[in-house]
$ cat upload-v2.pdb   # PDB, C-alpha atoms and all ligand atoms
ATOM      1  CA  MET A   1      59.445  30.489  17.375
ATOM      2  CA  ASP A   2      61.141  32.247  20.268
ATOM      3  CA  ASP A   3      58.420  31.925  22.882
ATOM      4  CA  ASP A   4      60.451  33.532  25.695
ATOM      5  CA  LYS A   5      61.231  36.596  23.609
ATOM      6  CA  PHE A   6      57.651  37.163  22.483
ATOM      7  CA  PHE A   7      56.115  36.354  25.853
ATOM      8  CA  ALA A   8      58.406  39.005  27.366
ATOM      9  CA  ILE A   9      56.879  41.540  24.943
ATOM     10  CA  ALA A  10      53.362  40.529  26.048
ATOM     11  CA  LEU A  11      54.500  40.970  29.663
ATOM     12  CA  GLU A  12      55.777  44.479  28.889
ATOM     13  CA  GLU A  13      52.349  45.324  27.469
ATOM     14  CA  ALA A  14      50.697  43.993  30.641
ATOM     15  CA  LYS A  15      52.993  46.199  32.738
ATOM     16  CA  LYS A  16      52.101  49.271  30.670
ATOM     17  CA  GLY A  17      48.420  48.512  31.239
ATOM     18  CA  PHE A  18      49.007  48.086  34.968
ATOM     19  CA  HIS A  19      50.918  51.357  35.085
ATOM     20  CA  ASP A  20      47.896  53.090  33.514
ATOM     21  CA  GLY A  21      45.550  51.566  36.110
ATOM     22  CA  GLY A  22      44.194  48.972  33.685
ATOM     23  CA  VAL A  23      43.692  45.223  33.862
ATOM     24  CA  PRO A  24      47.277  43.953  33.550
ATOM     25  CA  ILE A  25      46.954  41.610  30.606
ATOM     26  CA  GLY A  26      49.183  42.016  27.567
ATOM     27  CA  ALA A  27      49.341  40.242  24.245
ATOM     28  CA  VAL A  28      51.356  40.120  21.064
ATOM     29  CA  LEU A  29      50.408  38.503  17.780
ATOM     30  CA  VAL A  30      53.294  37.041  15.762
ATOM     31  CA  SER A  31      53.069  35.741  12.197
ATOM     32  CA  LYS A  32      54.321  32.256  11.370
ATOM     33  CA  ASP A  33      57.530  33.735   9.998
ATOM     34  CA  GLY A  34      58.217  35.621  13.236
ATOM     35  CA  GLN A  35      56.955  39.127  12.429
ATOM     36  CA  ILE A  36      55.087  41.049  15.105
ATOM     37  CA  LEU A  37      51.671  41.820  13.618
ATOM     38  CA  GLY A  38      50.319  43.721  16.606
ATOM     39  CA  LYS A  39      50.569  44.086  20.353
ATOM     40  CA  GLY A  40      48.540  45.698  23.079
ATOM     41  CA  CYS A  41      46.971  45.392  26.476
ATOM     42  CA  ASN A  42      43.544  45.085  28.022
ATOM     43  CA  LYS A  43      41.732  48.467  27.729
ATOM     44  CA  ARG A  44      38.604  47.788  29.751
ATOM     45  CA  VAL A  45      39.515  50.518  32.220
ATOM     46  CA  GLN A  46      41.454  52.956  30.009
ATOM     47  CA  GLU A  47      38.763  53.067  27.298
ATOM     48  CA  GLY A  48      35.740  51.778  29.189
ATOM     49  CA  SER A  49      35.755  49.052  26.565
ATOM     50  CA  VAL A  50      33.804  45.830  26.902
ATOM     51  CA  THR A  51      35.721  44.058  24.135
ATOM     52  CA  LYS A  52      39.323  45.260  24.227
ATOM     53  CA  HIS A  53      40.991  42.404  25.984
ATOM     54  CA  GLY A  54      44.758  42.132  25.537
ATOM     55  CA  GLU A  55      44.378  39.731  22.631
ATOM     56  CA  MET A  56      41.725  41.884  20.930
ATOM     57  CA  SER A  57      43.987  44.944  21.272
ATOM     58  CA  ALA A  58      46.859  43.024  19.662
ATOM     59  CA  LEU A  59      44.598  41.856  16.845
ATOM     60  CA  GLU A  60      43.210  45.366  16.387
ATOM     61  CA  ALA A  61      46.760  46.782  16.231
ATOM     62  CA  SER A  62      47.538  44.437  13.331
ATOM     63  CA  SER A  63      45.282  46.484  11.057
ATOM     64  CA  PRO A  64      46.540  49.704   9.491
ATOM     65  CA  GLY A  65      43.152  51.196  10.355
ATOM     66  CA  THR A  66      42.190  51.885   6.765
ATOM     67  CA  SER A  67      39.156  50.510   4.968
ATOM     68  CA  LEU A  68      41.288  47.640   3.661
ATOM     69  CA  PRO A  69      42.337  45.373   6.531
ATOM     70  CA  PRO A  70      45.164  42.837   6.069
ATOM     71  CA  PRO A  71      44.329  39.714   4.028
ATOM     72  CA  ALA A  72      43.319  36.650   6.033
ATOM     73  CA  ALA A  73      46.512  34.837   4.926
ATOM     74  CA  VAL A  74      48.565  37.178   7.135
ATOM     75  CA  TYR A  75      47.057  35.570  10.237
ATOM     76  CA  LYS A  76      47.168  31.918   9.186
ATOM     77  CA  GLY A  77      49.388  29.905  11.518
ATOM     78  CA  ALA A  78      50.272  32.958  13.641
ATOM     79  CA  THR A  79      50.904  32.684  17.374
ATOM     80  CA  MET A  80      48.979  34.684  19.963
ATOM     81  CA  TYR A  81      51.027  35.337  23.103
ATOM     82  CA  SER A  82      48.963  36.456  26.076
ATOM     83  CA  THR A  83      49.868  36.836  29.713
ATOM     84  CA  LEU A  84      46.500  35.278  30.610
ATOM     85  CA  LEU A  85      44.678  32.388  28.955
ATOM     86  CA  PRO A  86      42.333  33.854  26.308
ATOM     87  CA  CYS A  87      38.682  34.057  27.306
ATOM     88  CA  VAL A  88      36.004  32.642  25.023
ATOM     89  CA  MET A  89      35.669  35.943  23.077
ATOM     90  CA  CYS A  90      39.404  36.074  22.318
ATOM     91  CA  THR A  91      39.420  32.340  21.640
ATOM     92  CA  GLY A  92      36.694  32.910  19.040
ATOM     93  CA  ALA A  93      38.781  35.643  17.407
ATOM     94  CA  CYS A  94      41.848  33.358  17.342
ATOM     95  CA  LEU A  95      39.812  30.594  15.679
ATOM     96  CA  LEU A  96      38.233  32.996  13.206
ATOM     97  CA  TYR A  97      41.632  34.297  12.082
ATOM     98  CA  GLY A  98      43.221  30.870  11.807
ATOM     99  CA  ILE A  99      45.776  31.433  14.533
ATOM    100  CA  GLY A 100      47.702  28.205  14.991
ATOM    101  CA  ARG A 101      49.214  28.537  18.470
ATOM    102  CA  VAL A 102      48.308  30.238  21.722
ATOM    103  CA  VAL A 103      51.052  30.750  24.288
ATOM    104  CA  TYR A 104      49.863  32.023  27.677
ATOM    105  CA  GLY A 105      51.275  32.769  31.106
ATOM    106  CA  SER A 106      48.581  31.397  33.396
ATOM    107  CA  GLY A 107      44.854  31.105  33.870
ATOM    108  CA  ALA A 108      43.962  27.534  32.941
ATOM    109  CA  ASP A 109      43.022  26.990  36.592
ATOM    110  CA  GLN A 110      40.833  30.117  36.760
ATOM    111  CA  ASN A 111      37.110  29.874  36.282
ATOM    112  CA  LEU A 112      36.546  31.994  33.176
ATOM    113  CA  LYS A 113      33.256  30.159  32.488
ATOM    114  CA  PHE A 114      34.524  28.321  29.397
ATOM    115  CA  ASP A 115      37.292  25.774  29.010
ATOM    116  CA  THR A 116      39.130  27.628  26.262
ATOM    117  CA  VAL A 117      42.118  25.278  26.224
ATOM    118  CA  LYS A 118      39.681  22.528  25.292
ATOM    119  CA  ILE A 119      37.965  24.698  22.675
ATOM    120  CA  LEU A 120      41.246  25.787  21.067
ATOM    121  CA  GLU A 121      42.682  22.289  21.027
ATOM    122  CA  SER A 122      39.471  20.814  19.634
ATOM    123  CA  TYR A 123      40.066  23.021  16.575
ATOM    124  CA  GLY A 124      43.697  21.981  16.244
ATOM    125  CA  VAL A 125      45.225  25.056  17.875
ATOM    126  CA  GLU A 126      48.314  24.235  19.908
ATOM    127  CA  THR A 127      48.233  25.700  23.427
ATOM    128  CA  VAL A 128      51.332  26.230  25.551
ATOM    129  CA  CYS A 129      51.339  27.453  29.147
ATOM    130  CA  VAL A 130      54.686  29.052  29.914
ATOM    131  CA  GLY A 131      53.741  29.658  33.563
ATOM    132  CA  ASN A 132      54.772  33.182  34.435
ATOM    133  CA  ARG A 133      54.789  34.175  38.094
ATOM    134  CA  GLU A 134      55.196  37.911  37.476
ATOM    135  CA  SER A 135      52.073  38.279  35.334
ATOM    136  CA  GLU A 136      50.130  36.066  37.740
ATOM    137  CA  GLU A 137      51.084  38.214  40.734
ATOM    138  CA  MET A 138      50.362  41.453  38.890
ATOM    139  CA  MET A 139      46.897  40.164  37.944
ATOM    140  CA  ALA A 140      46.195  38.936  41.499
ATOM    141  CA  ARG A 141      47.199  42.339  42.858
ATOM    142  CA  TRP A 142      44.952  44.146  40.391
ATOM    143  CA  VAL A 143      41.982  41.930  41.318
ATOM    144  CA  ARG A 144      42.640  42.543  45.041
ATOM    145  CA  GLU A 145      42.893  46.297  44.572
ATOM    146  CA  ASN A 146      39.956  46.629  42.151
ATOM    147  CA  PRO A 147      37.180  44.385  43.479
ATOM    148  CA  GLU A 148      34.413  46.534  42.028
ATOM    149  CA  ARG A 149      35.968  46.629  38.562
ATOM    150  CA  TYR A 150      36.785  42.938  38.602
ATOM    151  CA  GLY A 151      33.170  42.299  39.604
ATOM    152  CA  ARG A 152      32.133  43.686  36.220
ATOM    153  CA  GLU A 153      33.882  40.888  34.341
ATOM    154  CA  PRO A 154      31.128  38.816  32.717
ATOM    155  CA  TRP A 155      32.256  35.606  34.426
ATOM    156  CA  ALA A 156      32.502  37.276  37.840
ATOM    157  CA  GLU A 157      28.888  38.495  37.754
ATOM    158  CA  GLY A 158      27.572  34.940  37.657
TER
HETATM  159  O1  LIG B   1      39.843  38.552  30.933
HETATM  160  C1  LIG B   1      40.712  38.491  30.084
HETATM  161  C2  LIG B   1      41.240  37.283  29.612
HETATM  162  C3  LIG B   1      42.228  37.324  28.689
HETATM  163  N1  LIG B   1      42.653  38.518  28.233
HETATM  164  C4  LIG B   1      42.150  39.697  28.669
HETATM  165  O2  LIG B   1      42.576  40.775  28.270
HETATM  166  N2  LIG B   1      41.184  39.633  29.574
END

$ encode --input "upload-v2.pdb" --output "structure tokens"
Amino acid sequence: MDDDKFFAIALEEAKKGFHDGGVPIGAVLVSKDGQILGKGCNKRVQEGSVTKHGEMSALEASSPGTSLPPPAAVYKGATMYSTLLPCVMCTGACLLYGIGRVVYGSGADQNLKFDTVKILESYGVETVCVGNRESEEMMARWVRENPERYGREPWAEG
């Protein structure tokens, strides 16, 4: 799997979100045979959503939006690329859909209330931190410039 190539796509999604004033976190979901199933960015600001994290947007984009979503087999062994370590909600979605790898830019050192690396790995999901400075700086800038919005994150409210 070409982690650099797919992480770059997640980073582009994060930049689009940032450009729109949103939380700059992007994600792309790639099947085990290298097909992009869906991609997207965090839509908390753009849609006032409480669930559309980058990873959830990517997962949501993998469905054609009809009453018949893709079969579960499509997701088995897929890789979720995210510019930030998935939170516990997105981790749950990854586990539910049988995603086999999570590749993220940064965040393992942030206090997101739950140790999601530990949770993912305890269920046999491989986690890889590619360490991306650009996404880290973009996120830090967004947090600095949007203290009130960041304060609404469930982990920030205590
Ligand atoms: O807070 C988070 C964590 C991961 N991905 C998101 O979109 N938001």

$ resolve_selection --input "upload-v2.pdb" --expression "the PyMOL selection byres (((chain A and resi 72-74) around 9) and not hetatm)" --output "MDAnalysis selection string"
chainID A and resid 31:32 37 69:71 75:78 97:98

$ residues_near_ligand --input "upload-v2.pdb" --ligand "ligand LIG 1 (chain B)" --cutoff "8 Å" --atoms "only C-alpha atoms and all ligand atoms" --output "MDAnalysis selection string"
chainID A and resid 23:27 41:43 52:56 82:87 90 112 153

$ resolve_selection --input "upload-v2.pdb" --expression "the PyMOL selection byres (((chain A and resi 3-19) around 10) and not hetatm)" --output "number ranges by chain"
A: 1-2, 20-30, 34, 36, 39-46, 54-55, 58, 79-84, 103-105, 128, 130, 132, 134-135, 138-139, 141-142

$ axis_aligned_box --input "upload-v2.pdb" --around "stretch 120-125 of chain A" --padding-each-side "6 Å" --output "JSON"
{"center_x": 42.3, "center_y": 23.3, "center_z": 18.7, "size_x": 17.8, "size_y": 17.0, "size_z": 16.8}

$ atom_distance --input "upload-v2.pdb" --atom1 "atom CA of A:Gly100" --atom2 "atom CA of A:Thr116"
14.2 Å

$ atom_distance --input "upload-v2.pdb" --atom1 "atom CA of A:Pro147" --atom2 "atom CA of A:Asp115"
23.6 Å

$ atom_distance --input "upload-v2.pdb" --atom1 "atom CA of A:Val125" --atom2 "atom CA of A:Gly38"
19.4 Å

$ resolve_selection --input "upload-v2.pdb" --expression "the PyMOL selection byres (((chain A and resi 120) around 10) and not hetatm)" --output "list in words"
Pro86, Val88, Thr91, Gly92, Cys94, Leu95, Ile99, Gly100, Arg101, Val102, Asp115, Thr116, Val117, Lys118, Ile119, Glu121, Ser122, Tyr123, Gly124, Val125, Glu126 and Thr127 of chain A

$ write_last_selection --input "upload-v2.pdb" --atoms "C-alpha atoms" --output "short mmCIF file (atom, residue, chain, number, x, y, z; two decimals), in the frame of the given file"
data_model
loop_
_atom_site.label_atom_id
_atom_site.label_comp_id
_atom_site.auth_asym_id
_atom_site.auth_seq_id
_atom_site.Cartn_x
_atom_site.Cartn_y
_atom_site.Cartn_z
CA PRO A 86 42.33 33.85 26.31
CA VAL A 88 36.00 32.64 25.02
CA THR A 91 39.42 32.34 21.64
CA GLY A 92 36.69 32.91 19.04
CA CYS A 94 41.85 33.36 17.34
CA LEU A 95 39.81 30.59 15.68
CA ILE A 99 45.78 31.43 14.53
CA GLY A 100 47.70 28.20 14.99
CA ARG A 101 49.21 28.54 18.47
CA VAL A 102 48.31 30.24 21.72
CA ASP A 115 37.29 25.77 29.01
CA THR A 116 39.13 27.63 26.26
CA VAL A 117 42.12 25.28 26.22
CA LYS A 118 39.68 22.53 25.29
CA ILE A 119 37.97 24.70 22.68
CA GLU A 121 42.68 22.29 21.03
CA SER A 122 39.47 20.81 19.63
CA TYR A 123 40.07 23.02 16.58
CA GLY A 124 43.70 21.98 16.24
CA VAL A 125 45.22 25.06 17.88
CA GLU A 126 48.31 24.24 19.91
CA THR A 127 48.23 25.70 23.43
#

$ build_atoms --input "upload-v2.pdb" --residues "stretch 55-76 of chain A" --atoms "N, CA and C atoms" --output "tab-separated table (two decimals), keeping the file's coordinate frame"
chain	number	residue	atom	x	y	z
A	55	GLU	N	44.28	40.40	23.93
A	55	GLU	CA	44.38	39.73	22.63
A	55	GLU	C	43.64	40.52	21.55
A	56	MET	N	42.49	41.10	21.91
A	56	MET	CA	41.72	41.88	20.93
A	56	MET	C	42.50	43.15	20.57
A	57	SER	N	43.18	43.75	21.55
A	57	SER	CA	43.99	44.94	21.27
A	57	SER	C	45.13	44.60	20.32
A	58	ALA	N	45.75	43.44	20.54
A	58	ALA	CA	46.86	43.02	19.66
A	58	ALA	C	46.34	42.79	18.24
A	59	LEU	N	45.20	42.13	18.15
A	59	LEU	CA	44.60	41.86	16.84
A	59	LEU	C	44.23	43.17	16.15
A	60	GLU	N	43.62	44.06	16.92
A	60	GLU	CA	43.21	45.37	16.39
A	60	GLU	C	44.44	46.13	15.88
A	61	ALA	N	45.54	46.05	16.61
A	61	ALA	CA	46.76	46.78	16.23
A	61	ALA	C	47.39	46.22	14.96
A	62	SER	N	46.96	45.03	14.54
A	62	SER	CA	47.54	44.44	13.33
A	62	SER	C	46.96	45.06	12.06
A	63	SER	N	45.90	45.85	12.23
A	63	SER	CA	45.28	46.48	11.06
A	63	SER	C	45.82	47.90	10.90
A	64	PRO	N	46.07	48.32	9.68
A	64	PRO	CA	46.54	49.70	9.49
A	64	PRO	C	45.45	50.73	9.78
A	65	GLY	N	44.22	50.27	10.01
A	65	GLY	CA	43.15	51.20	10.36
A	65	GLY	C	42.56	51.89	9.14
A	66	THR	N	42.80	51.34	7.98
A	66	THR	CA	42.19	51.88	6.76
A	66	THR	C	40.99	51.00	6.42
A	67	SER	N	40.33	51.31	5.32
A	67	SER	CA	39.16	50.51	4.97
A	67	SER	C	39.55	49.14	4.42
A	68	LEU	N	40.83	48.93	4.19
A	68	LEU	CA	41.29	47.64	3.66
A	68	LEU	C	42.17	46.93	4.70
A	69	PRO	N	41.54	46.08	5.52
A	69	PRO	CA	42.34	45.37	6.53
A	69	PRO	C	43.26	44.34	5.88
A	70	PRO	N	44.23	43.82	6.65
A	70	PRO	CA	45.16	42.84	6.07
A	70	PRO	C	44.43	41.60	5.56
A	71	PRO	N	44.97	40.95	4.51
A	71	PRO	CA	44.33	39.71	4.03
A	71	PRO	C	44.39	38.61	5.09
A	72	ALA	N	43.42	37.71	5.03
A	72	ALA	CA	43.32	36.65	6.03
A	72	ALA	C	44.60	35.82	6.12
A	73	ALA	N	45.31	35.68	4.97
A	73	ALA	CA	46.51	34.84	4.93
A	73	ALA	C	47.58	35.32	5.91
A	74	VAL	N	47.57	36.61	6.21
A	74	VAL	CA	48.56	37.18	7.14
A	74	VAL	C	48.49	36.49	8.50
A	75	TYR	N	47.28	36.10	8.88
A	75	TYR	CA	47.06	35.57	10.24
A	75	TYR	C	47.20	34.05	10.33
A	76	LYS	N	47.16	33.40	9.19
A	76	LYS	CA	47.17	31.92	9.19
A	76	LYS	C	48.44	31.39	9.84
